[in-house]
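Trainee: Next comes the structure file model.cif, holding mmCIF, C-alpha atoms.
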```cif
data_start
#
loop_
_atom_site.group_PDB
_atom_site.id
_atom_site.type_symbol
_atom_site.label_atom_id
_atom_site.label_comp_id
_atom_site.auth_asym_id
_atom_site.auth_seq_id
_atom_site.Cartn_x
_atom_site.Cartn_y
_atom_site.Cartn_z
ATOM 1 C CA MET A 1070 0.541 -48.513 -0.074
ATOM 2 C CA SER A 1071 -2.439 -48.621 2.318
ATOM 3 C CA ASP A 1072 -5.156 -45.951 2.281
ATOM 4 C CA VAL A 1073 -3.978 -44.730 5.706
ATOM 5 C CA ALA A 1074 -0.429 -44.207 4.382
ATOM 6 C CA ILE A 1075 -1.815 -42.464 1.273
ATOM 7 C CA ILE A 1076 -3.846 -40.048 3.445
ATOM 8 C CA GLU A 1077 -0.728 -39.297 5.539
ATOM 9 C CA ASN A 1078 1.196 -38.615 2.316
ATOM 10 C CA PHE A 1079 -1.704 -36.438 1.118
ATOM 11 C CA VAL A 1080 -1.504 -34.269 4.278
ATOM 12 C CA GLU A 1081 2.218 -33.621 3.701
ATOM 13 C CA LYS A 1082 1.751 -32.810 0.008
ATOM 14 C CA TYR A 1083 -1.239 -30.592 0.778
ATOM 15 C CA LYS A 1084 0.835 -28.518 3.229
ATOM 16 C CA ALA A 1085 3.623 -28.189 0.643
ATOM 17 C CA LEU A 1086 1.034 -27.190 -1.968
ATOM 18 C CA LYS A 1087 -0.310 -24.380 0.259
ATOM 19 C CA ILE A 1088 3.263 -23.083 0.789
ATOM 20 C CA GLU A 1089 3.891 -23.137 -2.974
ATOM 21 C CA ILE A 1090 0.676 -21.196 -3.707
ATOM 22 C CA ALA A 1091 1.488 -18.666 -0.952
ATOM 23 C CA LYS A 1092 4.633 -17.676 -2.914
ATOM 24 C CA VAL A 1093 2.312 -15.828 -5.319
ATOM 25 C CA ILE A 1094 -1.058 -15.392 -3.583
ATOM 26 C CA VAL A 1095 -1.081 -13.289 -0.409
ATOM 27 C CA GLY A 1096 -3.803 -14.257 2.090
ATOM 28 C CA GLN A 1097 -7.101 -15.723 0.776
ATOM 29 C CA GLU A 1098 -6.354 -18.914 2.772
ATOM 30 C CA GLU A 1099 -9.985 -19.939 3.095
ATOM 31 C CA VAL A 1100 -10.703 -19.387 -0.610
ATOM 32 C CA ILE A 1101 -7.654 -21.458 -1.639
ATOM 33 C CA ASP A 1102 -8.684 -24.231 0.786
ATOM 34 C CA GLN A 1103 -12.170 -24.368 -0.707
ATOM 35 C CA ILE A 1104 -10.847 -24.469 -4.293
ATOM 36 C CA LEU A 1105 -8.436 -27.277 -3.387
ATOM 37 C CA ILE A 1106 -11.141 -29.210 -1.487
ATOM 38 C CA SER A 1107 -13.315 -28.881 -4.579
ATOM 39 C CA ILE A 1108 -10.517 -30.209 -6.841
ATOM 40 C CA PHE A 1109 -9.683 -33.204 -4.627
ATOM 41 C CA SER A 1110 -13.418 -33.950 -4.259
ATOM 42 C CA GLY A 1111 -13.797 -33.911 -8.062
ATOM 43 C CA GLY A 1112 -16.166 -30.905 -8.004
ATOM 44 C CA HIS A 1113 -16.393 -27.448 -9.596
ATOM 45 C CA SER A 1114 -16.440 -23.989 -8.007
ATOM 46 C CA LEU A 1115 -18.049 -20.619 -8.651
ATOM 47 C CA LEU A 1116 -15.959 -17.626 -7.523
ATOM 48 C CA ILE A 1117 -17.942 -14.494 -6.746
ATOM 49 C CA GLY A 1118 -15.947 -11.302 -6.334
ATOM 50 C CA VAL A 1119 -15.338 -7.818 -7.691
ATOM 51 C CA PRO A 1120 -12.617 -7.308 -10.346
ATOM 52 C CA GLY A 1121 -9.003 -7.056 -9.214
ATOM 53 C CA LEU A 1122 -9.019 -9.705 -6.459
ATOM 54 C CA ALA A 1123 -6.535 -11.934 -8.357
ATOM 55 C CA LYS A 1124 -9.062 -14.632 -9.271
ATOM 56 C CA THR A 1125 -7.297 -15.476 -12.555
ATOM 57 C CA LEU A 1126 -3.839 -15.382 -10.963
ATOM 58 C CA MET A 1127 -5.054 -17.626 -8.139
ATOM 59 C CA VAL A 1128 -6.420 -20.284 -10.500
ATOM 60 C CA ASN A 1129 -3.332 -20.110 -12.723
ATOM 61 C CA THR A 1130 -1.035 -20.504 -9.684
ATOM 62 C CA ILE A 1131 -3.056 -23.451 -8.335
ATOM 63 C CA ALA A 1132 -2.930 -25.121 -11.777
ATOM 64 C CA GLN A 1133 0.867 -24.663 -11.940
ATOM 65 C CA ALA A 1134 1.399 -26.032 -8.413
ATOM 66 C CA LEU A 1135 -0.811 -29.033 -9.226
ATOM 67 C CA GLY A 1136 1.056 -29.648 -12.499
ATOM 68 C CA LEU A 1137 -2.148 -29.371 -14.541
ATOM 69 C CA ASP A 1138 -2.974 -27.846 -17.918
ATOM 70 C CA PHE A 1139 -4.856 -24.549 -17.527
ATOM 71 C CA LYS A 1140 -7.014 -22.579 -19.989
ATOM 72 C CA ARG A 1141 -8.884 -19.325 -19.472
ATOM 73 C CA ILE A 1142 -12.063 -18.558 -21.424
ATOM 74 C CA GLN A 1143 -13.359 -14.986 -21.340
ATOM 75 C CA PHE A 1144 -17.138 -15.225 -21.588
ATOM 76 C CA THR A 1145 -18.732 -12.468 -23.693
ATOM 77 C CA PRO A 1146 -22.256 -11.913 -25.107
ATOM 78 C CA ASP A 1147 -21.163 -13.014 -28.603
ATOM 79 C CA LEU A 1148 -19.352 -16.213 -27.495
ATOM 80 C CA MET A 1149 -20.700 -19.311 -29.280
ATOM 81 C CA PRO A 1150 -20.653 -22.923 -28.003
ATOM 82 C CA SER A 1151 -18.200 -23.864 -30.783
ATOM 83 C CA ASP A 1152 -15.794 -21.190 -29.466
ATOM 84 C CA ILE A 1153 -15.317 -23.205 -26.279
ATOM 85 C CA LEU A 1154 -15.996 -26.789 -27.409
ATOM 86 C CA GLY A 1155 -14.194 -26.715 -30.755
ATOM 87 C CA SER A 1156 -15.508 -27.429 -34.251
ATOM 88 C CA GLU A 1157 -15.100 -29.681 -37.261
ATOM 89 C CA ILE A 1158 -13.341 -28.317 -40.346
ATOM 90 C CA LEU A 1159 -12.555 -29.770 -43.772
ATOM 91 C CA ASP A 1160 -8.848 -30.591 -44.045
ATOM 92 C CA GLU A 1161 -6.771 -30.696 -47.225
ATOM 93 C CA ASP A 1162 -7.932 -34.294 -47.898
ATOM 94 C CA ARG A 1163 -11.570 -33.148 -47.879
ATOM 95 C CA LYS A 1164 -12.191 -35.012 -44.614
ATOM 96 C CA PHE A 1165 -13.703 -33.566 -41.479
ATOM 97 C CA LYS A 1166 -11.185 -32.944 -38.730
ATOM 98 C CA PHE A 1167 -12.081 -31.928 -35.177
ATOM 99 C CA ILE A 1168 -10.185 -28.913 -33.798
ATOM 100 C CA LYS A 1169 -10.366 -28.963 -30.008
ATOM 101 C CA GLY A 1170 -11.527 -25.833 -28.229
ATOM 102 C CA PRO A 1171 -10.127 -24.379 -24.980
ATOM 103 C CA ILE A 1172 -12.431 -26.605 -22.899
ATOM 104 C CA PHE A 1173 -9.904 -29.426 -23.448
ATOM 105 C CA ALA A 1174 -7.684 -28.743 -20.433
ATOM 106 C CA ASN A 1175 -7.542 -29.986 -16.832
ATOM 107 C CA ILE A 1176 -8.523 -26.687 -15.223
ATOM 108 C CA ILE A 1177 -10.852 -24.261 -17.002
ATOM 109 C CA LEU A 1178 -11.346 -20.707 -15.812
ATOM 110 C CA ALA A 1179 -14.735 -19.569 -17.131
ATOM 111 C CA ASP A 1180 -14.281 -15.834 -16.604
ATOM 112 C CA GLU A 1181 -17.515 -13.867 -16.037
ATOM 113 C CA ILE A 1182 -19.727 -16.813 -16.934
ATOM 114 C CA ASN A 1183 -22.893 -14.728 -16.514
ATOM 115 C CA ARG A 1184 -21.889 -12.460 -19.440
ATOM 116 C CA THR A 1185 -22.665 -15.101 -22.061
ATOM 117 C CA PRO A 1186 -26.109 -16.294 -23.282
ATOM 118 C CA PRO A 1187 -27.708 -19.492 -21.877
ATOM 119 C CA LYS A 1188 -26.887 -21.488 -25.047
ATOM 120 C CA THR A 1189 -23.149 -21.065 -24.407
ATOM 121 C CA GLN A 1190 -23.516 -21.502 -20.637
ATOM 122 C CA ALA A 1191 -25.278 -24.816 -21.320
ATOM 123 C CA ALA A 1192 -22.330 -26.005 -23.441
ATOM 124 C CA LEU A 1193 -20.373 -26.214 -20.201
ATOM 125 C CA LEU A 1194 -23.000 -28.418 -18.526
ATOM 126 C CA GLU A 1195 -22.139 -31.670 -20.303
ATOM 127 C CA ALA A 1196 -18.426 -31.064 -19.789
ATOM 128 C CA MET A 1197 -18.931 -30.416 -16.064
ATOM 129 C CA GLN A 1198 -21.238 -33.353 -15.440
ATOM 130 C CA GLU A 1199 -20.164 -36.019 -17.946
ATOM 131 C CA ARG A 1200 -16.484 -35.040 -18.394
ATOM 132 C CA ALA A 1201 -17.139 -35.223 -22.138
ATOM 133 C CA VAL A 1202 -18.338 -32.984 -24.970
ATOM 134 C CA THR A 1203 -20.455 -33.853 -28.005
ATOM 135 C CA VAL A 1204 -19.719 -32.110 -31.324
ATOM 136 C CA ALA A 1205 -21.443 -33.082 -34.598
ATOM 137 C CA GLY A 1206 -22.727 -36.313 -33.055
ATOM 138 C CA HIS A 1207 -19.305 -37.462 -31.812
ATOM 139 C CA GLN A 1208 -18.504 -37.624 -28.110
ATOM 140 C CA TYR A 1209 -15.012 -36.627 -27.012
ATOM 141 C CA LYS A 1210 -13.790 -37.550 -23.533
ATOM 142 C CA LEU A 1211 -12.010 -34.876 -21.502
ATOM 143 C CA GLU A 1212 -8.737 -35.636 -19.768
ATOM 144 C CA LEU A 1213 -9.013 -36.239 -16.038
ATOM 145 C CA PRO A 1214 -8.769 -34.620 -13.568
ATOM 146 C CA TYR A 1215 -11.210 -32.043 -14.909
ATOM 147 C CA PHE A 1216 -12.246 -28.950 -13.012
ATOM 148 C CA VAL A 1217 -14.262 -25.852 -13.984
ATOM 149 C CA LEU A 1218 -13.799 -22.647 -12.019
ATOM 150 C CA ALA A 1219 -16.281 -19.951 -13.043
ATOM 151 C CA THR A 1220 -16.191 -16.326 -11.914
ATOM 152 C CA GLN A 1221 -18.957 -13.773 -11.490
ATOM 153 C CA ASN A 1222 -18.914 -10.059 -10.733
ATOM 154 C CA PRO A 1223 -21.635 -9.504 -8.074
ATOM 155 C CA ILE A 1224 -21.943 -5.751 -8.680
ATOM 156 C CA GLU A 1225 -22.481 -5.079 -12.368
ATOM 157 C CA GLN A 1226 -25.640 -6.830 -13.571
ATOM 158 C CA GLU A 1227 -26.317 -4.901 -16.790
ATOM 159 C CA GLY A 1228 -26.140 -7.094 -19.878
ATOM 160 C CA THR A 1229 -25.723 -10.311 -17.887
ATOM 161 C CA TYR A 1230 -27.527 -13.643 -18.053
ATOM 162 C CA PRO A 1231 -27.914 -14.986 -14.479
ATOM 163 C CA LEU A 1232 -27.049 -18.670 -14.183
ATOM 164 C CA PRO A 1233 -30.191 -20.829 -13.895
ATOM 165 C CA GLU A 1234 -30.624 -22.811 -10.663
ATOM 166 C CA ALA A 1235 -29.977 -26.110 -12.485
ATOM 167 C CA GLN A 1236 -26.543 -24.886 -13.551
ATOM 168 C CA LEU A 1237 -25.725 -23.281 -10.196
ATOM 169 C CA ASP A 1238 -26.431 -26.673 -8.623
ATOM 170 C CA ARG A 1239 -23.595 -28.207 -10.694
ATOM 171 C CA PHE A 1240 -21.062 -26.161 -8.731
ATOM 172 C CA MET A 1241 -19.923 -27.835 -5.536
ATOM 173 C CA PHE A 1242 -18.898 -24.511 -3.960
ATOM 174 C CA ALA A 1243 -19.928 -20.888 -4.425
ATOM 175 C CA ILE A 1244 -17.001 -18.958 -2.921
ATOM 176 C CA ASN A 1245 -17.265 -15.279 -2.000
ATOM 177 C CA LEU A 1246 -13.979 -13.373 -2.288
ATOM 178 C CA GLN A 1247 -13.478 -10.492 0.127
ATOM 179 C CA TYR A 1248 -11.085 -7.549 -0.084
ATOM 180 C CA PRO A 1249 -7.650 -8.262 1.455
ATOM 181 C CA SER A 1250 -6.781 -6.838 4.873
ATOM 182 C CA PHE A 1251 -4.620 -3.698 5.049
ATOM 183 C CA GLU A 1252 -1.428 -5.707 5.763
ATOM 184 C CA GLU A 1253 -2.201 -8.192 2.990
ATOM 185 C CA GLU A 1254 -2.790 -5.403 0.485
ATOM 186 C CA VAL A 1255 0.535 -3.773 1.469
ATOM 187 C CA ASN A 1256 2.277 -7.110 0.821
ATOM 188 C CA VAL A 1257 0.450 -7.523 -2.515
ATOM 189 C CA VAL A 1258 1.577 -4.079 -3.676
ATOM 190 C CA LYS A 1259 5.202 -4.753 -2.596
ATOM 191 C CA ALA A 1260 5.264 -8.104 -4.409
ATOM 192 C CA THR A 1261 3.644 -6.924 -7.642
ATOM 193 C CA THR A 1262 5.416 -3.608 -8.171
ATOM 194 C CA SER A 1263 8.991 -4.896 -8.038
ATOM 195 C CA ASP A 1264 10.996 -6.867 -10.602
ATOM 196 C CA SER A 1265 11.218 -10.034 -8.499
ATOM 197 C CA LYS A 1266 10.228 -13.249 -10.277
ATOM 198 C CA VAL A 1267 8.639 -16.173 -8.433
ATOM 199 C CA THR A 1268 8.817 -19.744 -9.705
ATOM 200 C CA VAL A 1269 5.930 -22.049 -8.777
ATOM 201 C CA ASN A 1270 6.988 -25.710 -8.697
ATOM 202 C CA SER A 1271 4.663 -28.513 -9.810
ATOM 203 C CA LEU A 1272 4.157 -30.872 -6.870
ATOM 204 C CA PHE A 1273 1.675 -33.356 -8.361
ATOM 205 C CA THR A 1274 1.016 -35.322 -11.518
ATOM 206 C CA ALA A 1275 -2.469 -35.715 -12.995
ATOM 207 C CA GLN A 1276 -2.469 -39.407 -12.026
ATOM 208 C CA GLU A 1277 -1.510 -38.607 -8.421
ATOM 209 C CA ILE A 1278 -4.478 -36.238 -8.124
ATOM 210 C CA ILE A 1279 -6.824 -38.917 -9.537
ATOM 211 C CA ASP A 1280 -5.389 -41.459 -7.048
ATOM 212 C CA PHE A 1281 -5.945 -39.053 -4.130
ATOM 213 C CA GLN A 1282 -9.510 -38.392 -5.359
ATOM 214 C CA ASN A 1283 -10.185 -42.152 -5.409
ATOM 215 C CA VAL A 1284 -8.775 -42.669 -1.899
ATOM 216 C CA ILE A 1285 -10.839 -39.761 -0.541
ATOM 217 C CA ARG A 1286 -13.986 -41.349 -2.002
ATOM 218 C CA ARG A 1287 -13.102 -44.571 -0.154
ATOM 219 C CA ILE A 1288 -12.953 -42.796 3.236
ATOM 220 C CA PRO A 1289 -15.658 -44.349 5.450
ATOM 221 C CA VAL A 1290 -18.389 -42.124 6.907
ATOM 222 C CA ALA A 1291 -20.492 -43.041 9.939
ATOM 223 C CA ASP A 1292 -24.258 -43.284 9.351
ATOM 224 C CA ASN A 1293 -24.976 -40.586 11.943
ATOM 225 C CA VAL A 1294 -22.719 -38.130 10.022
ATOM 226 C CA ILE A 1295 -24.533 -38.873 6.738
ATOM 227 C CA GLU A 1296 -27.870 -38.424 8.551
ATOM 228 C CA TYR A 1297 -26.594 -35.123 9.989
ATOM 229 C CA ALA A 1298 -25.704 -33.861 6.470
ATOM 230 C CA VAL A 1299 -29.025 -34.986 4.949
ATOM 231 C CA GLY A 1300 -30.886 -33.527 7.939
ATOM 232 C CA MET A 1301 -29.147 -30.183 7.468
ATOM 233 C CA VAL A 1302 -30.095 -30.071 3.786
ATOM 234 C CA SER A 1303 -33.719 -31.090 4.479
ATOM 235 C CA LYS A 1304 -33.970 -28.203 6.992
ATOM 236 C CA THR A 1305 -33.399 -25.776 4.072
ATOM 237 C CA ARG A 1306 -36.703 -26.852 2.445
ATOM 238 C CA PRO A 1307 -39.472 -24.549 3.724
ATOM 239 C CA ASN A 1308 -42.348 -26.914 2.851
ATOM 240 C CA THR A 1309 -41.073 -29.827 4.991
ATOM 241 C CA ASP A 1310 -41.813 -30.610 8.650
ATOM 242 C CA SER A 1311 -38.120 -30.448 9.560
ATOM 243 C CA ALA A 1312 -37.600 -26.929 8.116
ATOM 244 C CA ALA A 1313 -35.817 -24.494 10.440
ATOM 245 C CA ASP A 1314 -37.841 -21.471 11.676
ATOM 246 C CA LEU A 1315 -35.623 -19.008 9.797
ATOM 247 C CA VAL A 1316 -36.086 -21.082 6.628
ATOM 248 C CA LYS A 1317 -39.910 -21.085 6.884
ATOM 249 C CA GLU A 1318 -39.870 -17.316 7.221
ATOM 250 C CA TYR A 1319 -37.199 -16.278 4.715
ATOM 251 C CA ILE A 1320 -36.622 -19.050 2.154
ATOM 252 C CA ASP A 1321 -38.707 -19.792 -0.953
ATOM 253 C CA TRP A 1322 -36.774 -22.854 -2.148
ATOM 254 C CA GLY A 1323 -34.293 -25.190 -0.485
ATOM 255 C CA ALA A 1324 -31.335 -27.324 -1.560
ATOM 256 C CA GLY A 1325 -31.673 -30.626 -3.448
ATOM 257 C CA PRO A 1326 -30.055 -34.050 -2.921
ATOM 258 C CA ARG A 1327 -26.870 -32.986 -4.750
ATOM 259 C CA ALA A 1328 -26.171 -30.684 -1.784
ATOM 260 C CA SER A 1329 -26.193 -33.709 0.570
ATOM 261 C CA GLN A 1330 -23.791 -35.592 -1.713
ATOM 262 C CA ASN A 1331 -21.452 -32.595 -1.924
ATOM 263 C CA LEU A 1332 -21.524 -32.044 1.855
ATOM 264 C CA ILE A 1333 -20.287 -35.595 2.447
ATOM 265 C CA LEU A 1334 -17.669 -35.503 -0.342
ATOM 266 C CA ALA A 1335 -16.291 -32.112 0.743
ATOM 267 C CA ALA A 1336 -16.298 -33.158 4.416
ATOM 268 C CA LYS A 1337 -14.280 -36.268 3.481
ATOM 269 C CA THR A 1338 -11.704 -34.125 1.666
ATOM 270 C CA TYR A 1339 -11.600 -31.515 4.443
ATOM 271 C CA ALA A 1340 -11.066 -34.284 7.030
ATOM 272 C CA ALA A 1341 -8.297 -35.807 4.863
ATOM 273 C CA THR A 1342 -6.453 -32.445 4.667
ATOM 274 C CA LYS A 1343 -6.397 -32.485 8.494
ATOM 275 C CA GLY A 1344 -5.098 -36.057 8.627
ATOM 276 C CA LYS A 1345 -8.413 -37.515 9.829
ATOM 277 C CA PHE A 1346 -9.571 -40.878 8.483
ATOM 278 C CA SER A 1347 -13.300 -40.200 8.766
ATOM 279 C CA PRO A 1348 -15.284 -36.932 8.805
ATOM 280 C CA ASP A 1349 -17.561 -35.831 11.663
ATOM 281 C CA SER A 1350 -20.340 -33.260 12.014
ATOM 282 C CA GLU A 1351 -17.821 -30.446 12.586
ATOM 283 C CA ASP A 1352 -16.269 -31.155 9.162
ATOM 284 C CA ILE A 1353 -19.764 -30.928 7.640
ATOM 285 C CA GLN A 1354 -20.237 -27.505 9.275
ATOM 286 C CA LYS A 1355 -16.867 -26.255 7.982
ATOM 287 C CA VAL A 1356 -17.891 -26.777 4.339
ATOM 288 C CA ALA A 1357 -21.651 -26.181 4.642
ATOM 289 C CA THR A 1358 -21.871 -22.429 3.969
ATOM 290 C CA SER A 1359 -20.176 -22.467 0.549
ATOM 291 C CA ILE A 1360 -22.062 -25.597 -0.503
ATOM 292 C CA LEU A 1361 -25.534 -24.414 0.510
ATOM 293 C CA CYS A 1362 -25.456 -20.632 -0.068
ATOM 294 C CA HIS A 1363 -26.115 -20.830 -3.833
ATOM 295 C CA ARG A 1364 -28.715 -23.585 -3.470
ATOM 296 C CA ILE A 1365 -31.241 -21.709 -1.317
ATOM 297 C CA ILE A 1366 -33.496 -19.011 -2.754
ATOM 298 C CA LYS A 1367 -34.468 -16.211 -0.381
ATOM 299 C CA ASN A 1368 -37.847 -14.467 -0.535
ATOM 300 C CA TYR A 1369 -38.499 -10.722 -0.779
ATOM 301 C CA LYS A 1370 -38.860 -10.475 3.030
ATOM 302 C CA ALA A 1371 -35.292 -11.755 3.526
ATOM 303 C CA GLU A 1372 -33.997 -9.220 0.992
ATOM 304 C CA ALA A 1373 -35.958 -6.388 2.650
ATOM 305 C CA GLU A 1374 -34.701 -7.253 6.134
ATOM 306 C CA GLY A 1375 -31.115 -7.869 5.043
ATOM 307 C CA ILE A 1376 -31.067 -11.541 6.054
ATOM 308 C CA THR A 1377 -27.926 -13.174 4.597
ATOM 309 C CA ASP A 1378 -27.508 -16.710 3.266
ATOM 310 C CA GLU A 1379 -24.830 -17.255 5.931
ATOM 311 C CA ALA A 1380 -27.237 -16.361 8.747
ATOM 312 C CA VAL A 1381 -29.823 -18.853 7.456
ATOM 313 C CA ILE A 1382 -27.227 -21.634 7.066
ATOM 314 C CA LYS A 1383 -25.674 -21.007 10.515
ATOM 315 C CA SER A 1384 -29.164 -21.467 12.015
ATOM 316 C CA LEU A 1385 -29.166 -25.055 10.682
ATOM 317 C CA PHE A 1386 -26.131 -26.179 12.710
#
```
Rewrite the structure from the file as C-alpha cells, please.

Mentor:
Amino acid sequence: MSDVAIIENFVEKYKALKIEIAKVIVGQEEVIDQILISIFSGGHSLLIGVPGLAKTLMVNTIAQALGLDFKRIQFTPDLMPSDILGSEILDEDRKFKFIKGPIFANIILADEINRTPPKTQAALLEAMQERAVTVAGHQYKLELPYFVLATQNPIEQEGTYPLPEAQLDRFMFAINLQYPSFEEEVNVVKATTSDSKVTVNSLFTAQEIIDFQNVIRRIPVADNVIEYAVGMVSKTRPNTDSAADLVKEYIDWGAGPRASQNLILAAKTYAATKGKFSPDSEDIQKVATSILCHRIIKNYKAEAEGITDEAVIKSLF
C-alpha cells in the first residue's frame, strides 16, 4: 500500500477513533486531538487541570480505543524509582529475577507527577527518551508504541516538586484542561449517574499505530515551512536579534531546538488527520501553543501584568 493510501486510511480510522472516544468522554475535543496527535507523533504529553476533569478516564478510554495496554501510577512523596521501574528479587533457585514495574505498558498515566521527589521523576526520563529502563546494570526495552501522559494540579502547590525545565522539555505538549460548558456538564452528569454501560471497541493494533507513526515521519515538508517553524521558535529567545517585542519585554528564557522538532512532527500528524499530504504554516500555528507554552519562562513583569503564555505565542504568528 502506498503512503498516500495509508494516509487516507489513517483519516478514516482517526474519525472512527474520535467517535469511539466520544461514547465515554463528553466534549474536550481539542484536548483529545492533542493527545492523539502526540501519540501518532511518538511524543509525550503533560495534562494540566484541576481534579475531577476526567483526566484518568480520558487516558483509559483512549488506550482502550487504541487497543493498547494501560497502567496508571499515582505519584506520591514516598514513591521510589523501583516502585515504577521494577526490581530484582532472589527466586527459589537463588537466582536474581527481574519483576517488571508498572512502567512496562504502552500508555502510562503518571498521575500528579509533581508530587514525587526529583529522583523518582528522573526515573521516567530514560523511559520517555530511550524507550528503555536500566535496573541493576541491565537495560530492558519497553514495548512500542510507548507514551507517557503526566498530570499536574495547577492550584495546590504545597508539598510538590515542580518539574525541572529539562524534564518539561521532554513533553511534546503541555495541555491545559478547562471546565466543561454548561451543556457538556449536564450530559456528563446524565451519563455518569445512570446504570448504562458503554463498551469501547479497540480499533487499532500496536503494530498499526507504529506503521502510522512511520508513515507520518515520512511525510515531506517544504523548506519554507521548516524555516517558519524554526523562525517561530527563535523568536521566543529574548537575547537574539529575531526576538519578538513581547518576548524581549516579558520572557526570561526561550524554547530550545526540541521545540522546532516537535512543531514539525506535530504539524505533520495534524495535517495527516485532515487528509493533507504535507503540512503548511497554518498547521504549525494550530499546534504551536501547546508545544511552546511550557518551554518559555516568563519574567516577574509578565506575572505582574497578567501576560499569558498564549498571548506571547500568538504574537509570534

Trainee: Sort by chain and increasing residue number a table of all residues of stretch 1294-1349 of chain A within 8 Å of stretch 1234-1249 of chain A, each with its closest pair of atoms and their distance in Å to one decimal, counting only C-alpha atoms, and write it as JSON lines.

Mentor:
```
{"residue": "A:Arg1327", "atom": "CA", "partner": "A:Asp1238", "partner_atom": "CA", "distance": 7.4}
{"residue": "A:Ala1328", "atom": "CA", "partner": "A:Met1241", "partner_atom": "CA", "distance": 7.8}
{"residue": "A:Asn1331", "atom": "CA", "partner": "A:Met1241", "partner_atom": "CA", "distance": 6.2}
```

Trainee: For A:Ala1336, which residue out of A:Pro1289, A:Gly1121, A:Gly1323, A:Pro1150 is the nearest one, using only C-alpha atoms?

Mentor: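 Closest candidate: A:Pro1289.
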
Trainee: Counting all atoms listed in the file, give me one row per residue of stretch 1110-1145 of chain A with an atom at most 7 Å from an atom of stretch 1174-1193 of chain A, showing the shortest contact pair and its distance in Å to one decimal, sorted by chain then residue number, as CSV.

Mentor:
```
residue,atom,partner,partner_atom,distance
A:Ala1132,CA,A:Ile1176,CA,6.8
A:Leu1137,CA,A:Asn1175,CA,5.9
A:Asp1138,CA,A:Asn1175,CA,5.2
A:Phe1139,CA,A:Ile1176,CA,4.8
A:Lys1140,CA,A:Ile1177,CA,5.1
A:Arg1141,CA,A:Leu1178,CA,4.6
A:Ile1142,CA,A:Ala1179,CA,5.2
A:Gln1143,CA,A:Asp1180,CA,4.9
A:Phe1144,CA,A:Thr1185,CA,5.5
A:Thr1145,CA,A:Thr1185,CA,5.0
```

Trainee: Could you list the residues chosen by the PyMOL selection byres ((chain A and resi 1085) around 12) in this structure as a ChimeraX atom specification?

Mentor: /A:1078-1084,1086-1092,1134-1135,1269-1273,1342

Trainee: Would you give the centre and edge lengths, in Å to one decimal, of a box along x, y and z around the listed atoms of stretch 1077-1094 of chain A, with 5 Å added to each side, as lines of an AutoDock Vina configuration file?

Mentor:
```
center_x = 1.5
center_y = -27.3
center_z = 0.1
size_x = 16.3
size_y = 33.9
size_z = 20.9
```

Trainee: Calculate how many Å separate atom CA of A:Thr1220 from atom CA of A:Pro1146, rounding to one decimal.

Mentor: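 Here the two named atoms are 15.2 Å from each other.
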
Trainee: Here is a test: counting all atoms listed in the file, which residue of A:Thr1274, A:Asn1283, A:Asn1256, A:Ser1311 is nearest to A:Val1093?

Mentor: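 Going through A:Thr1274, A:Asn1283, A:Asn1256, A:Ser1311 one by one, the smallest distance to A:Val1093 is for A:Asn1256.
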